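Have a look at run.tsv below; it lists TSV, C-alpha atoms.
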chain	number	residue	atom	x	y	z
A	1	MET	CA	-1.82	-14.33	-8.57
A	2	LYS	CA	-1.16	-17.65	-6.85
A	3	HIS	CA	-3.07	-19.70	-9.38
A	4	LEU	CA	-1.21	-18.02	-12.26
A	5	VAL	CA	2.11	-19.06	-10.77
A	6	LEU	CA	0.88	-22.63	-10.48
A	7	LEU	CA	-0.34	-22.54	-14.06
A	8	GLY	CA	3.02	-21.34	-15.24
A	9	ALA	CA	4.86	-23.96	-13.23
A	10	PHE	CA	2.83	-26.98	-14.23
A	11	ALA	CA	1.02	-26.22	-17.51
A	12	LEU	CA	1.51	-28.90	-20.13
A	13	VAL	CA	2.44	-28.24	-23.75
A	14	THR	CA	-0.59	-27.18	-25.81
A	15	VAL	CA	-1.88	-29.99	-28.00
A	16	LEU	CA	-0.76	-29.11	-31.51
A	17	ASN	CA	-3.61	-30.68	-33.47
A	18	ALA	CA	-6.41	-29.26	-31.33
A	19	PRO	CA	-8.38	-26.22	-32.48
A	20	ALA	CA	-6.74	-22.92	-31.48
A	21	GLN	CA	-7.99	-21.97	-28.04
A	22	ASP	CA	-6.17	-18.75	-27.13
A	23	TRP	CA	-9.52	-17.30	-26.11
A	24	ALA	CA	-9.99	-20.07	-23.53
A	25	LYS	CA	-6.50	-19.54	-22.12
A	26	ALA	CA	-7.08	-15.77	-21.88
A	27	ARG	CA	-10.32	-16.26	-19.95
A	28	MET	CA	-8.73	-18.73	-17.56
A	29	GLU	CA	-5.79	-16.45	-16.82
A	30	LYS	CA	-8.21	-13.79	-15.57
A	31	SER	CA	-9.85	-16.16	-13.10
A	32	PRO	CA	-9.86	-15.09	-9.44
A	33	ARG	CA	-10.31	-18.70	-8.31
A	34	HIS	CA	-7.70	-21.15	-7.03
A	35	LEU	CA	-6.48	-23.28	-9.94
A	36	GLU	CA	-3.62	-25.76	-9.79
A	37	TRP	CA	-2.01	-28.87	-11.17
A	38	ILE	CA	-1.87	-31.90	-8.90
A	39	LYS	CA	-0.80	-35.52	-9.28
A	40	VAL	CA	-3.45	-38.14	-8.58
A	41	LYS	CA	-1.97	-41.56	-7.88
A	42	HIS	CA	-3.08	-45.16	-8.15
A	43	GLY	CA	-0.56	-47.93	-7.80
A	44	SER	CA	2.69	-46.75	-9.38
A	45	ARG	CA	0.92	-44.45	-11.85
A	46	GLU	CA	0.68	-40.67	-11.48
A	47	VAL	CA	-2.00	-38.78	-13.39
A	48	ASN	CA	-1.45	-35.06	-13.92
A	49	SER	CA	-4.75	-33.38	-13.10
A	50	PHE	CA	-6.01	-29.81	-13.21
A	51	ILE	CA	-8.31	-28.75	-10.37
A	52	ALA	CA	-10.39	-25.63	-9.81
A	53	PHE	CA	-12.00	-24.62	-6.52
A	54	PRO	CA	-15.12	-22.45	-6.13
A	55	GLU	CA	-15.26	-19.45	-3.84
A	56	VAL	CA	-18.13	-20.67	-1.65
A	57	PRO	CA	-18.68	-20.89	2.14
A	58	ASP	CA	-19.96	-24.47	2.16
A	59	LYS	CA	-18.72	-27.84	0.96
A	60	ALA	CA	-19.36	-28.42	-2.74
A	61	THR	CA	-20.20	-31.21	-5.15
A	62	ALA	CA	-17.29	-32.24	-7.38
A	63	VAL	CA	-17.26	-32.74	-11.15
A	64	VAL	CA	-14.67	-34.95	-12.84
A	65	VAL	CA	-14.16	-33.68	-16.40
A	66	ILE	CA	-13.04	-36.14	-19.09
A	67	HIS	CA	-11.31	-34.40	-21.98
A	68	GLU	CA	-11.97	-34.62	-25.72
A	69	ILE	CA	-9.94	-36.64	-28.19
A	70	PHE	CA	-7.77	-33.52	-28.55
A	71	GLY	CA	-6.38	-34.16	-25.07
A	72	HIS	CA	-5.96	-31.86	-22.10
A	73	THR	CA	-6.39	-28.52	-23.88
A	74	ASP	CA	-6.81	-24.93	-22.71
A	75	TRP	CA	-10.56	-25.31	-23.21
A	76	VAL	CA	-10.70	-28.29	-20.85
A	77	ARG	CA	-8.96	-26.26	-18.17
A	78	GLU	CA	-11.13	-23.22	-18.86
A	79	LEU	CA	-14.22	-25.42	-18.46
A	80	THR	CA	-13.06	-26.56	-15.02
A	81	ASP	CA	-12.82	-22.89	-14.03
A	82	GLU	CA	-16.33	-22.24	-15.38
A	83	LEU	CA	-17.62	-25.07	-13.21
A	84	ALA	CA	-15.81	-23.61	-10.21
A	85	ALA	CA	-17.38	-20.23	-10.96
A	86	ALA	CA	-20.76	-21.98	-10.81
A	87	GLY	CA	-19.95	-23.34	-7.34
A	88	TYR	CA	-18.46	-26.76	-8.01
A	89	ILE	CA	-15.05	-28.32	-7.44
A	90	ALA	CA	-13.85	-29.45	-10.86
A	91	ILE	CA	-10.97	-31.77	-11.68
A	92	ALA	CA	-9.77	-32.76	-15.14
A	93	PRO	CA	-7.32	-35.69	-15.21
A	94	ASP	CA	-4.95	-35.83	-18.16
A	95	LEU	CA	-5.48	-39.40	-19.37
A	96	LEU	CA	-2.40	-39.05	-21.59
A	97	SER	CA	-0.16	-38.60	-18.55
A	98	GLY	CA	3.17	-40.30	-19.10
A	99	THR	CA	2.76	-40.74	-22.86
A	100	PRO	CA	4.87	-39.14	-25.60
A	101	ALA	CA	1.79	-37.13	-26.66
A	102	GLU	CA	1.61	-35.46	-23.26
A	103	ARG	CA	5.23	-34.38	-23.41
A	104	ALA	CA	5.49	-33.45	-27.09
A	105	GLY	CA	1.93	-32.36	-27.82
A	106	ASP	CA	1.67	-34.49	-30.98
A	107	ASN	CA	0.11	-37.78	-32.10
A	108	VAL	CA	-2.66	-37.18	-29.58
A	109	ARG	CA	-5.42	-39.09	-31.34
A	110	LYS	CA	-3.15	-42.06	-31.95
A	111	GLU	CA	-2.02	-42.12	-28.33
A	112	ILE	CA	-5.57	-41.80	-27.01
A	113	SER	CA	-6.80	-44.66	-29.21
A	114	GLN	CA	-4.09	-46.89	-27.73
A	115	LEU	CA	-4.82	-46.17	-24.06
A	116	PRO	CA	-5.70	-49.37	-22.16
A	117	GLN	CA	-9.35	-49.40	-21.11
A	118	ASP	CA	-8.51	-50.62	-17.61
A	119	GLN	CA	-6.04	-47.76	-17.19
A	120	ILE	CA	-8.61	-45.18	-18.31
A	121	THR	CA	-11.11	-46.51	-15.77
A	122	ALA	CA	-8.48	-46.53	-13.01
A	123	ASP	CA	-7.36	-42.98	-13.87
A	124	ILE	CA	-10.91	-41.64	-13.69
A	125	GLN	CA	-11.64	-43.59	-10.52
A	126	SER	CA	-8.53	-42.17	-8.87
A	127	ALA	CA	-9.77	-38.65	-9.65
A	128	VAL	CA	-13.20	-39.52	-8.21
A	129	ASP	CA	-11.63	-40.92	-5.06
A	130	TYR	CA	-9.31	-37.94	-4.68
A	131	VAL	CA	-11.96	-35.21	-4.87
A	132	SER	CA	-14.49	-37.13	-2.80
A	133	LYS	CA	-12.08	-37.02	0.15
A	134	LEU	CA	-11.20	-33.33	-0.07
A	135	PRO	CA	-12.29	-31.32	3.00
A	136	ALA	CA	-14.01	-28.87	0.63
A	137	CYS	CA	-16.10	-31.62	-1.01
A	138	ASN	CA	-19.49	-32.67	0.30
A	139	GLY	CA	-18.81	-36.24	-0.78
A	140	LYS	CA	-20.91	-36.05	-3.94
A	141	VAL	CA	-19.05	-36.64	-7.21
A	142	VAL	CA	-20.31	-36.70	-10.79
A	143	VAL	CA	-18.50	-37.38	-14.06
A	144	ALA	CA	-18.84	-35.50	-17.34
A	145	GLY	CA	-17.12	-36.23	-20.63
A	146	PHE	CA	-16.91	-34.63	-24.06
A	147	CYS	CA	-16.52	-36.29	-27.48
A	148	TRP	CA	-14.14	-39.23	-26.84
A	149	GLY	CA	-14.45	-38.28	-23.19
A	150	GLY	CA	-18.22	-38.56	-23.50
A	151	ARG	CA	-17.85	-42.16	-24.51
A	152	GLU	CA	-15.42	-42.78	-21.67
A	153	SER	CA	-17.67	-41.09	-19.11
A	154	PHE	CA	-20.58	-43.30	-20.26
A	155	ARG	CA	-18.37	-46.36	-20.03
A	156	PHE	CA	-17.10	-45.29	-16.60
A	157	ALA	CA	-20.68	-45.15	-15.33
A	158	CYS	CA	-20.83	-48.86	-16.21
A	159	ASN	CA	-17.80	-49.57	-14.04
A	160	SER	CA	-18.29	-47.43	-10.94
A	161	THR	CA	-20.84	-47.43	-8.15
A	162	ASN	CA	-19.81	-44.31	-6.27
A	163	ILE	CA	-20.76	-41.46	-8.61
A	164	LYS	CA	-24.07	-39.61	-8.31
A	165	ALA	CA	-24.63	-38.93	-12.02
A	166	ASP	CA	-23.01	-39.16	-15.42
A	167	PHE	CA	-23.16	-36.45	-18.08
A	168	VAL	CA	-22.43	-37.57	-21.64
A	169	PHE	CA	-21.69	-34.85	-24.17
A	170	TYR	CA	-21.89	-36.27	-27.72
A	171	GLY	CA	-20.23	-39.55	-26.77
A	172	GLU	CA	-20.86	-43.06	-28.08
A	173	THR	CA	-22.91	-45.56	-26.08
A	174	PRO	CA	-21.33	-48.68	-24.53
A	175	SER	CA	-22.67	-52.15	-25.29
A	176	GLU	CA	-25.92	-53.34	-23.70
A	177	THR	CA	-23.91	-55.80	-21.62
A	178	GLU	CA	-22.03	-52.87	-20.11
A	179	LEU	CA	-25.15	-50.74	-19.70
A	180	LYS	CA	-26.64	-53.37	-17.41
A	181	LYS	CA	-24.09	-52.39	-14.73
A	182	ILE	CA	-25.03	-48.70	-14.53
A	183	THR	CA	-26.26	-47.60	-11.10
A	184	CYS	CA	-26.53	-43.81	-11.54
A	185	PRO	CA	-28.68	-41.59	-13.77
A	186	VAL	CA	-27.19	-40.69	-17.15
A	187	TYR	CA	-27.91	-37.43	-18.95
A	188	GLY	CA	-27.08	-37.06	-22.63
A	189	PHE	CA	-26.30	-33.91	-24.61
A	190	TYR	CA	-26.16	-34.41	-28.38
A	191	ALA	CA	-25.81	-32.39	-31.59
A	192	GLY	CA	-28.45	-32.37	-34.30
A	193	ASN	CA	-25.84	-32.23	-37.07
A	194	ASP	CA	-23.86	-35.18	-35.77
A	195	ALA	CA	-25.50	-38.31	-37.17
A	196	ARG	CA	-22.43	-40.44	-36.43
A	197	ILE	CA	-23.32	-40.14	-32.74
A	198	SER	CA	-26.87	-38.85	-32.53
A	199	ALA	CA	-28.40	-41.40	-34.90
A	200	GLY	CA	-27.74	-44.00	-32.23
A	201	VAL	CA	-29.53	-42.10	-29.46
A	202	PRO	CA	-33.01	-43.63	-30.04
A	203	ALA	CA	-31.53	-47.11	-29.64
A	204	THR	CA	-29.83	-46.02	-26.42
A	205	VAL	CA	-33.16	-44.70	-25.13
A	206	GLU	CA	-34.78	-48.09	-25.78
A	207	GLN	CA	-31.89	-50.05	-24.26
A	208	MET	CA	-31.82	-47.98	-21.08
A	209	LYS	CA	-35.61	-48.14	-20.77
A	210	LYS	CA	-35.57	-51.90	-21.16
A	211	LEU	CA	-32.87	-52.17	-18.51
A	212	GLY	CA	-34.77	-49.90	-16.10
A	213	LYS	CA	-32.01	-47.28	-16.07
A	214	THR	CA	-32.45	-43.52	-15.83
A	215	TYR	CA	-31.42	-41.89	-19.10
A	216	GLU	CA	-32.54	-38.45	-20.23
A	217	GLU	CA	-31.29	-37.03	-23.50
A	218	VAL	CA	-31.58	-33.82	-25.49
A	219	ILE	CA	-30.51	-33.34	-29.11
A	220	TYR	CA	-29.74	-29.70	-29.91
A	221	LYS	CA	-31.03	-28.81	-33.36
A	222	GLY	CA	-28.50	-27.39	-35.80
A	223	ALA	CA	-25.53	-27.89	-33.49
A	224	GLY	CA	-22.38	-29.70	-34.58
A	225	HIS	CA	-20.21	-32.21	-32.75
A	226	GLY	CA	-18.17	-30.45	-30.10
A	227	PHE	CA	-20.65	-27.61	-29.61
A	228	MET	CA	-19.79	-27.14	-25.94
A	229	ARG	CA	-16.32	-25.96	-27.01
A	230	ALA	CA	-17.18	-24.52	-30.41
A	231	GLY	CA	-20.15	-22.65	-28.97
A	232	GLU	CA	-17.85	-20.65	-26.70
A	233	ALA	CA	-15.35	-19.65	-29.36
A	234	PRO	CA	-15.33	-16.06	-30.69
A	235	ASP	CA	-16.31	-17.36	-34.16
A	236	ALA	CA	-19.09	-19.65	-32.88
A	237	SER	CA	-21.99	-20.30	-35.25
A	238	ALA	CA	-25.42	-19.19	-34.04
A	239	ALA	CA	-26.56	-22.82	-33.71
A	240	ASN	CA	-23.52	-23.91	-31.72
A	241	LYS	CA	-23.71	-20.87	-29.45
A	242	LYS	CA	-27.42	-21.45	-28.78
A	243	ALA	CA	-26.87	-25.16	-28.12
A	244	ARG	CA	-24.00	-24.44	-25.78
A	245	GLU	CA	-26.04	-21.93	-23.78
A	246	GLU	CA	-29.05	-24.25	-23.53
A	247	ALA	CA	-26.91	-27.26	-22.64
A	248	TRP	CA	-25.02	-25.33	-19.98
A	249	SER	CA	-28.29	-24.14	-18.42
A	250	ARG	CA	-29.67	-27.68	-18.42
A	251	TRP	CA	-26.43	-29.03	-16.93
A	252	MET	CA	-26.47	-26.48	-14.12
A	253	ASP	CA	-30.13	-27.27	-13.33
A	254	LEU	CA	-29.33	-30.98	-13.14
A	255	LEU	CA	-26.29	-30.43	-10.94
A	256	LYS	CA	-28.35	-28.41	-8.47
A	257	LYS	CA	-30.64	-31.42	-7.96
A	258	ILE	CA	-27.83	-33.80	-7.02
As C-alpha cells, please, write out the structure in this file.
Amino acid sequence: MKHLVLLGAFALVTVLNAPAQDWAKARMEKSPRHLEWIKVKHGSREVNSFIAFPEVPDKATAVVVIHEIFGHTDWVRELTDELAAAGYIAIAPDLLSGTPAERAGDNVRKEISQLPQDQITADIQSAVDYVSKLPACNGKVVVAGFCWGGRESFRFACNSTNIKADFVFYGETPSETELKKITCPVYGFYAGNDARISAGVPATVEQMKKLGKTYEEVIYKGAGHGFMRAGEAPDASAANKKAREEAWSRWMDLLKKI
C-alpha cells in the first residue's frame, strides 16, 4: 500500500486535453511495485519525476521516459510501472514542472511548445544523472521518448554522452548538424499510418548511415501515431494493438542487450 499513499500524496492533476486514460490509472493502482514521486534538481530548478522500481535481486538498468505532448499523464506513469515489471528502473520527469499547465492541467500543448530547449535538455540530463547514481542502478541508463517526447529523446541523444541507447517512438528527427554529435545507438519505432513523421524515416536512415551512426528503425504497418498508448487502450484497433505488442517485444529484446 505504500506506493498508493505516495501516489495519492504527490499525483499531479490529470491533463485535461489528453485522451481518457482511466484504464491506465486502474492498472497502475494495482501494481505491487514501489512507485513514488521525487524531485530531481539542477541549479535552482526542481523537476517533479515519477519513478518505479523493479522487484529484482540485482542492480538494474534505468530507463528515462520522456512524455508525449499531452504531458505527464496516467499512461506515462503506467508505462514506467510496466518497465519496472520487466526488470528496469524507470523514471519519467515532468518537463512541465513549475508551469501553469502542470498546476491547472490545461494549455498543455501551448506550454510544451514554449519550453526552452536548454531547459528540456537539462531536465532530462538531471533525471539521467539521478538514476545512474542510485544504489539499485547498475550505472547503465537509456532514454526513450514518445511523440513530442520522441523528438526530444532523439535530440537529447545529440547532446549527451553518458546514455547507452536512445529509443525514439514516432518522433521527429533533429537536423544533420545535431545528428553528428550522437554517440549512442538509436532505435526508431514508427507508425505506418503516420506520414507526417514516418515519411521522413528514409532520409534519417541515409543521414545516419552517412555519419557512421547506429540507427535501426521499424515502421509498423497499419498503426497510427501514438500506437504505444493507443494499442494498450480497451478500444485499441487491431493494427495499433499488434504494433504495440511487436514494438514492446522488440524494445525488451534491445534492452536486454545493453
(request) Quick one: pull the distance between CA of Glu172 (chain A) and CA of Trp148 (chain A), Å, one decimal. (result)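 Distance reported for this atom pair: 7.8 Å.
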Draw an axis-aligned box over all listed atoms of region 62-75 of chain A, pad each side with 6 Å, and write its centre and edge lengths in Å, one decimal, as AutoDock Vina command-line options.
--center_x -11.6 --center_y -30.8 --center_z -18.0 --size_x 23.3 --size_y 23.7 --size_z 33.2
(message) Give me the residues near Met28 (chain A) as a PyMOL selection string, where near means some atom within 8 Å (using all atoms listed in the file) and where sequence neighbours in that chain fewer than 6 positions away do not count.
(response) chain A and resi 77-78+81
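Taking all atoms listed in the file into account, Ser153 (chain A) lies nearest to A:Val65 out of the set A:Leu79, A:Val65, A:Ile38, A:Val201.
You will find CA of His72 (chain A) at 23.2 Å from CA of Leu255 (chain A).
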(request) Do a neighbour search on region 115-129 of chain A at 7 Å with all atoms listed in the file, toss out local chain neighbours closer than 5 positions, and write the hits as number ranges by chain. (result) A: 40-42, 47, 64, 93, 95, 141, 156
(message) At a cut-off of 7 Å, using all atoms listed in the file, what residues contact region 21-26 of chain A? Leave out same-chain residues fewer than 4 positions from it and give the result as a list in words.
(response)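 These residues fall inside the cut-off: Lys30, Asp74, Trp75 and Glu78 of chain A.
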(request) Work out how far apart CA of Ala239 (chain A) and CA of Tyr220 (chain A) are and give it in Å to one decimal. (result) 8.5 Å
